[in-house]
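**Student:** Structure in structure tokens, see below.
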Amino acid sequence: MIFPRSKFAVMGVLAASLLGCATAQRGSDYSDRNLTFLHISDTHIGPYLEERSAFAGERSDATFQFMEKVQGDPQPVMADGSTVPAPSFVVHTGDVTEYGFPGGTLAAMDSYHKRFKIPVFWAPGNHDNTWVSRPDMFRERQGGMHFHFAREGVHIIGINSATLQEPVQSISEEEVAFVADCAKDIPSDAPIFVMLHHPPSSGDWSSEYDLGRLMEPLRDHNVAGLLVGHHHAATHEKWSGYHVIHGGSTFSKADAAKPVDGFGVINIHGSHLHAAYRYKDDRVPAKQFLDRDIAADPNRLSLSPVVAKTMGNDLAVAWRSSRETPVVVTIQGVDTPIEVAAGTTTIRQDVSALGNGRHWGKVSVGTGDSVATERFFEFALDRPARPGEGVARWRQSLGGGVKGTPLVDGNQLVIGVNNQTLQSIDRGSGKRLWRASTPGEVLGGAVRVGDEIMASTTEGFVVAYNPDSGTETRRVRVPSGLPLYSAPLATGDLIIVGGADADLYALDRQSLAVRWTASQADYSVEMPPLVVGDSLVYNAWDGYVHAVSLADGTELWKSSCPRNQKGFSRYYGGADNTPVVMEDRVYTTDRGYHAGMYSAKGEFLGLLLEDCSALTRTEDGRGLLARRLAKPLCRLSPTGAIQWESTVTAGRLPVPPVEVDGKVYVVARGVLYALNGADGKTLWQYQVTPGLTVLAAPVVADGVVYAVGVDGVLTAVAAP
């Protein structure tokens, strides 16, 4: 309902904050523009572990040969064969590779893309980022995994929707900040294409808000379309008022009777957009997607950013509309249709049914494919303690997403952030103590080693910092110079790290010189190894569990990961889990979601579960905690018997639960749960993100739980 202003004093404040919203400047006249570019996607170039002088036979090769032949020609955009000028550049919306960038794969990619005589820009896909992610390579070649450039007044914003070293898509906070910065410099009437791998219709988004918040800074701009991949489909759809163009694939994999081999053609002639899909088989007419005018309409209906304010169990939502219109206000999936007049509108919603924490909503004009525009927003409920609900002590925004678990170091938390910083936050107040630049992203988190804090980075460095000031004290780069993914492991006089080149490096703790290198695995190492007596046991993305000598790195044994015991595939490796040990047994889980146990000599002793995404040891050391896909988190005996099941189904992310002082903590779908370690019963919960992914395990100190998600908001939560 429309809330009477006289009843809610905050409404005047909300309305006033909307009146100053400015529209970005308008750009130059491009009436004579006639720009064409190609849109390719999902080439899935196979892995080449060794460098080669020639590459041939890739399944996308025939399409690349065709594109090489026709790239300088006018391109058909309609079924009748009507053409537009030859392309000026190419955009690739991801899954460039099948298993990332090991060995000679980058050279293989170059051998195909160099056939173009025009520039090529890549937005990485989940296949590019899951096994051997190379943010260093993207930085070197095009400035980063996100980028922005313009041609003839047409702006291209490239976004990385593929989580680093994780197949589930997400938008990390530094991507949102990048789009917001771009929006400040782009004229409001300039055509914008946003290119990313994952389409809005992909079912693995954590929530609609994840992509919605990315697009929020562009709502007052002229977004001509979203260019996407992932589904291997040459199609067009609408989402949130935007046209979404799928880039198909350069090869057909599913139905040979319905070939998709080809590429997209995008043309902007003046302010008119043509978008079509051209098949490798020239006998098949081009498939037209769009034929529309994209001139920015100065009289179009517009909505201002939404301002939301909570007071107790009431939520006030306010926005400004350019004209009278029907809208729908959605809070956590519950819709409220209303009719609003031009100007400022404020409504009041009862949110007493929502738990404490952060939530999201949106204001929509129109529904379904007829949506004209939407505005996304978030709000927090921080009411006094209620039974079964945690209470936030403080929140701090880090400005980038977080993958590695925060380090508790005395009175501070030290966190590696995807905006290439290491940050220290005071545990008591949430204030930032220091912020240090890092050479690349810190994906594995930081560790305390003696009187230093150490972290490894995606530029191949191990860096040490002063824990009091964040001043860098020393650094070393591993010989390959390739990304390091694992957090450093300090054991005895060694620092152990692993990464993109599949090697484990043992560095001297004092000098950081390489003491030995273990090259047993042939695909990347993502997590720290486990010390088992005088050996190191670790998983790699080659599909094996490995063991090497702690003394010199020589091979002791290797065994197929649990899922690969019954049919081998690299895809089912377990590299995003560190094994655990109890007595004389080693336990691990893998990407096939099979958990199994091994003897200390690597003999496979049997399966524990077939739906396990993460596994860790209980606090008492006498059991295992298993995070499962479609079944509740449970505790297992050393032989795999279920000792208790909770009511919390945490899902597929490889983030293990944590047990501290008899309580088990896990984050699922943005909700932090505290369970009784004795029986698995839920004690309390708290919404730490508004439906956004959390890849870092929570940490606990002095009864306070600290959790952080891909939105980079660190929250300190206490029990009710």
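All residue names refer to the structure tokens as shown: chains lettered A, B, ... in order, residues numbered from 1 in each chain, ligands numbered from 1 in order.
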Write out as a list of chain:residue names the residues lying within 10 Å of Ala341 in chain A, counting only C-alpha atoms and excluding same-chain residues fewer than 3 positions away.

**Tutor:**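 Contacts, in chain order: A:Arg320, A:Ser321, A:Ser322, A:Arg323, A:Glu324, A:Thr325, A:Pro326, A:Thr344, A:Thr345.
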
**Student:** If you run DSSP on the backbone here, which positions in range 476-685 of chain A get strand (DSSP E)? Please write them as a PyMOL selection string.

**Tutor:** chain A and resi 476-477+489-491+494-498+504-508+514-518+530-532+535-539+544-549+555-560+580-582+585-589+595-599+604-609+612-617+624-628+634-636+642-645+658-660+663-668+671-676+682-685

**Student:** Let me see the file: selected residues, C-alpha atoms, as a compact mmCIF listing (two decimals), in the first residue's frame.

**Tutor:**
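To be explicit, this is the file written out as result-v8.txt:
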# COMPACT_ATOMS: atom_id res chain seq x y z
CA VAL A 476 59.57 -14.29 -3.53
CA ARG A 477 58.15 -15.45 -6.84
CA LEU A 489 51.34 -24.10 4.87
CA ALA A 490 54.00 -23.59 7.54
CA THR A 491 55.45 -26.84 8.84
CA LEU A 494 59.31 -25.07 5.42
CA ILE A 495 56.60 -23.02 3.74
CA ILE A 496 54.57 -25.16 1.28
CA VAL A 497 52.53 -23.61 -1.57
CA GLY A 498 50.86 -24.98 -4.70
CA LEU A 504 54.19 -28.07 -4.76
CA TYR A 505 56.98 -25.69 -3.75
CA ALA A 506 58.77 -26.09 -0.44
CA LEU A 507 60.34 -22.76 0.52
CA ASP A 508 62.90 -22.28 3.25
CA VAL A 514 63.02 -23.09 -2.99
CA ARG A 515 64.27 -26.17 -1.10
CA TRP A 516 62.47 -28.70 -3.28
CA THR A 517 59.70 -28.98 -5.86
CA ALA A 518 57.20 -31.84 -6.11
CA LEU A 530 47.83 -32.16 4.84
CA VAL A 531 50.80 -33.16 6.98
CA VAL A 532 50.57 -36.89 7.77
CA SER A 535 54.50 -36.94 4.28
CA LEU A 536 52.27 -34.38 2.62
CA VAL A 537 48.92 -35.56 1.26
CA TYR A 538 47.04 -33.36 -1.20
CA ASN A 539 44.45 -33.36 -3.96
CA TYR A 544 44.23 -38.08 -7.96
CA VAL A 545 45.08 -37.94 -4.27
CA HIS A 546 48.86 -37.55 -3.95
CA ALA A 547 51.43 -38.14 -1.21
CA VAL A 548 55.02 -36.88 -1.27
CA SER A 549 57.88 -36.91 1.20
CA GLU A 555 56.63 -39.37 -4.65
CA LEU A 556 55.26 -41.80 -2.06
CA TRP A 557 51.93 -42.78 -3.62
CA LYS A 558 48.98 -41.60 -5.62
CA SER A 559 45.46 -42.96 -5.79
CA SER A 560 42.38 -42.03 -7.78
CA VAL A 580 41.74 -34.85 6.71
CA VAL A 581 43.32 -37.57 8.84
CA MET A 582 42.09 -39.62 11.79
CA ARG A 585 43.21 -43.16 7.77
CA VAL A 586 43.01 -40.32 5.27
CA TYR A 587 39.62 -38.97 4.22
CA THR A 588 38.68 -36.72 1.31
CA THR A 589 35.86 -35.73 -1.03
CA ALA A 595 33.71 -38.96 0.01
CA GLY A 596 36.09 -41.84 0.65
CA MET A 597 38.82 -43.13 2.93
CA TYR A 598 42.35 -44.34 2.31
CA SER A 599 45.07 -46.07 4.28
CA PHE A 604 41.38 -47.01 -1.16
CA LEU A 605 39.32 -48.43 1.71
CA GLY A 606 35.82 -47.52 0.54
CA LEU A 607 33.18 -44.85 0.02
CA LEU A 608 31.57 -42.93 2.86
CA LEU A 609 29.04 -40.78 0.97
CA CYS A 612 29.37 -34.83 -0.14
CA SER A 613 30.71 -31.41 -1.19
CA ALA A 614 33.05 -30.79 1.77
CA LEU A 615 34.49 -32.82 4.60
CA THR A 616 36.30 -31.89 7.80
CA ARG A 617 37.22 -33.41 11.15
CA LEU A 624 33.76 -36.16 10.47
CA LEU A 625 31.44 -33.33 9.51
CA ALA A 626 30.03 -33.68 6.00
CA ARG A 627 28.43 -30.93 3.95
CA ARG A 628 26.04 -32.55 1.47
CA CYS A 634 25.73 -34.62 9.18
CA ARG A 635 28.33 -36.08 11.51
CA LEU A 636 29.98 -39.38 10.57
CA ILE A 642 25.86 -41.28 10.37
CA GLN A 643 25.85 -40.22 14.03
CA TRP A 644 23.47 -37.29 13.59
CA GLU A 645 21.80 -35.26 10.85
CA VAL A 658 33.65 -25.37 11.37
CA GLU A 659 33.35 -26.70 14.92
CA VAL A 660 34.48 -24.53 17.83
CA LYS A 663 29.17 -25.64 18.15
CA VAL A 664 29.19 -26.27 14.41
CA TYR A 665 28.98 -23.29 12.05
CA VAL A 666 28.14 -23.36 8.35
CA VAL A 667 26.87 -20.82 5.80
CA ALA A 668 24.24 -21.92 3.30
CA VAL A 671 22.55 -17.78 6.04
CA LEU A 672 24.94 -18.51 8.91
CA TYR A 673 23.79 -21.43 11.05
CA ALA A 674 25.03 -22.39 14.52
CA LEU A 675 24.38 -26.04 15.38
CA ASN A 676 24.85 -28.08 18.53
CA THR A 682 20.03 -25.63 15.12
CA LEU A 683 20.77 -23.16 17.91
CA TRP A 684 20.42 -19.94 15.93
CA GLN A 685 20.88 -18.41 12.49

**Student:** Can you tell me, as a list in words, what residues are no more than 12 Å from Lys253 in chain A when counting only C-alpha atoms, ignoring any on the same chain fewer than 3 positions away?

**Tutor:** Asp42, Thr43, His44, Arg59, Ser60, His231, His232, Ala233, Gly248, Ser249, Thr250, Ala256, Ala257, Lys258, Pro259, Val260 and Asp261 of chain A

**Student:** Taking into account only C-alpha atoms, which residue in the set A:Val329, A:Ala308, A:Val414, A:Ala678 is nearest to Glu378 in chain A?

**Tutor:**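 Among the listed residues, the smallest separation from Glu378 in chain A belongs to A:Ala308.
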
**Student:** Mind checking which residues fall within 8 Å of Gly225 in chain A, counting only C-alpha atoms, ignoring those fewer than 4 positions away in the same chain, and posting them as a PyMOL selection string?

**Tutor:** chain A and resi 192-194+242-245

**Student:** Determine, for each residue of range 370-414 of chain A having at least one atom at most 10 Å from an atom of range 346-356 of chain A, the closest pair of atoms and their separation in Å to one decimal, counting only C-alpha atoms; order by chain and ascending number, as a Markdown table.

**Tutor:**
| residue | atom | partner | partner_atom | distance |
| --- | --- | --- | --- | --- |
| A:Ala380 | CA | A:Asn356 | CA | 7.5 |
| A:Leu381 | CA | A:Asn356 | CA | 5.0 |
| A:Asp382 | CA | A:Asn356 | CA | 5.6 |
| A:Arg383 | CA | A:Asn356 | CA | 6.6 |
| A:Pro384 | CA | A:Asn356 | CA | 8.9 |
| A:Ala385 | CA | A:Asn356 | CA | 8.7 |
| A:Arg386 | CA | A:Asn356 | CA | 8.6 |
| A:Gly388 | CA | A:Gly355 | CA | 9.3 |
| A:Glu389 | CA | A:Asn356 | CA | 6.5 |
| A:Gly390 | CA | A:Asn356 | CA | 7.1 |
| A:Val391 | CA | A:Asn356 | CA | 7.0 |
| A:Ala392 | CA | A:Asn356 | CA | 8.4 |

**Student:** Excluding Met215 in chain A and residues on its chain fewer than 2 positions from it, collect all residues at most 10 Å away from it, counting only C-alpha atoms, and give them as an MDAnalysis selection string.

**Tutor:** chainID A and resid 176 179:180 194 209:213 217:219 223 240 374:376

**Student:** Could you give me, as a list in words, the residues within 8 Å of Lys431 in chain A, counting only C-alpha atoms and dropping anything in the same chain fewer than 5 positions from it?

**Tutor:**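 Returned residues: Gln396, Ile425 and Asp426 of chain A.
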
**Student:** I'd like to know which of A:Gly270, A:Pro654, A:Pro135, A:Gly158 is closest to Thr457 in chain A, using only C-alpha atoms.

**Tutor:**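 Closest candidate: A:Pro135.
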
**Student:** Report as an mmCIF file with all heavy atoms, in the first residue's frame all protein, DNA and RNA residues lying within 9 Å of Gln142 in chain A, evaluated on only C-alpha atoms, omitting residues in the same chain fewer than 5 positions from it.

**Tutor:**
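So out21.cif came out as:
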data_model
loop_
_atom_site.group_PDB
_atom_site.id
_atom_site.type_symbol
_atom_site.label_atom_id
_atom_site.label_comp_id
_atom_site.auth_asym_id
_atom_site.auth_seq_id
_atom_site.Cartn_x
_atom_site.Cartn_y
_atom_site.Cartn_z
ATOM 1 N N PHE A 121 38.548 -9.914 -27.518
ATOM 2 C CA PHE A 121 38.445 -9.651 -26.082
ATOM 3 C C PHE A 121 37.679 -10.809 -25.437
ATOM 4 O O PHE A 121 36.665 -11.257 -25.965
ATOM 5 C CB PHE A 121 37.706 -8.333 -25.831
ATOM 6 C CG PHE A 121 38.371 -7.140 -26.464
ATOM 7 C CD1 PHE A 121 38.060 -6.765 -27.766
ATOM 8 C CD2 PHE A 121 39.310 -6.402 -25.768
ATOM 9 C CE1 PHE A 121 38.674 -5.677 -28.358
ATOM 10 C CE2 PHE A 121 39.934 -5.310 -26.349
ATOM 11 C CZ PHE A 121 39.618 -4.946 -27.653
ATOM 12 N N TRP A 122 38.165 -11.263 -24.269
ATOM 13 C CA TRP A 122 37.600 -12.440 -23.623
ATOM 14 C C TRP A 122 36.973 -12.094 -22.272
ATOM 15 O O TRP A 122 37.567 -11.381 -21.464
ATOM 16 C CB TRP A 122 38.680 -13.481 -23.356
ATOM 17 C CG TRP A 122 39.471 -13.896 -24.556
ATOM 18 C CD1 TRP A 122 39.125 -14.815 -25.496
ATOM 19 C CD2 TRP A 122 40.771 -13.424 -24.934
ATOM 20 N NE1 TRP A 122 40.121 -14.946 -26.443
ATOM 21 C CE2 TRP A 122 41.135 -14.102 -26.123
ATOM 22 C CE3 TRP A 122 41.662 -12.496 -24.395
ATOM 23 C CZ2 TRP A 122 42.354 -13.883 -26.767
ATOM 24 C CZ3 TRP A 122 42.857 -12.270 -25.037
ATOM 25 C CH2 TRP A 122 43.196 -12.959 -26.208
ATOM 26 N N MET A 137 47.098 -13.643 -16.604
ATOM 27 C CA MET A 137 47.109 -13.584 -18.056
ATOM 28 C C MET A 137 46.095 -12.566 -18.572
ATOM 29 O O MET A 137 46.385 -11.806 -19.495
ATOM 30 C CB MET A 137 46.818 -14.969 -18.640
ATOM 31 C CG MET A 137 46.826 -15.031 -20.163
ATOM 32 S SD MET A 137 45.207 -14.708 -20.931
ATOM 33 C CE MET A 137 44.320 -16.194 -20.463
ATOM 34 N N PHE A 147 36.825 -5.370 -17.971
ATOM 35 C CA PHE A 147 37.452 -4.348 -18.808
ATOM 36 C C PHE A 147 36.369 -3.518 -19.481
ATOM 37 O O PHE A 147 35.187 -3.880 -19.498
ATOM 38 C CB PHE A 147 38.356 -5.003 -19.859
ATOM 39 C CG PHE A 147 37.653 -6.028 -20.707
ATOM 40 C CD1 PHE A 147 36.992 -5.677 -21.871
ATOM 41 C CD2 PHE A 147 37.636 -7.363 -20.329
ATOM 42 C CE1 PHE A 147 36.331 -6.614 -22.645
ATOM 43 C CE2 PHE A 147 36.979 -8.320 -21.094
ATOM 44 C CZ PHE A 147 36.319 -7.931 -22.253
#
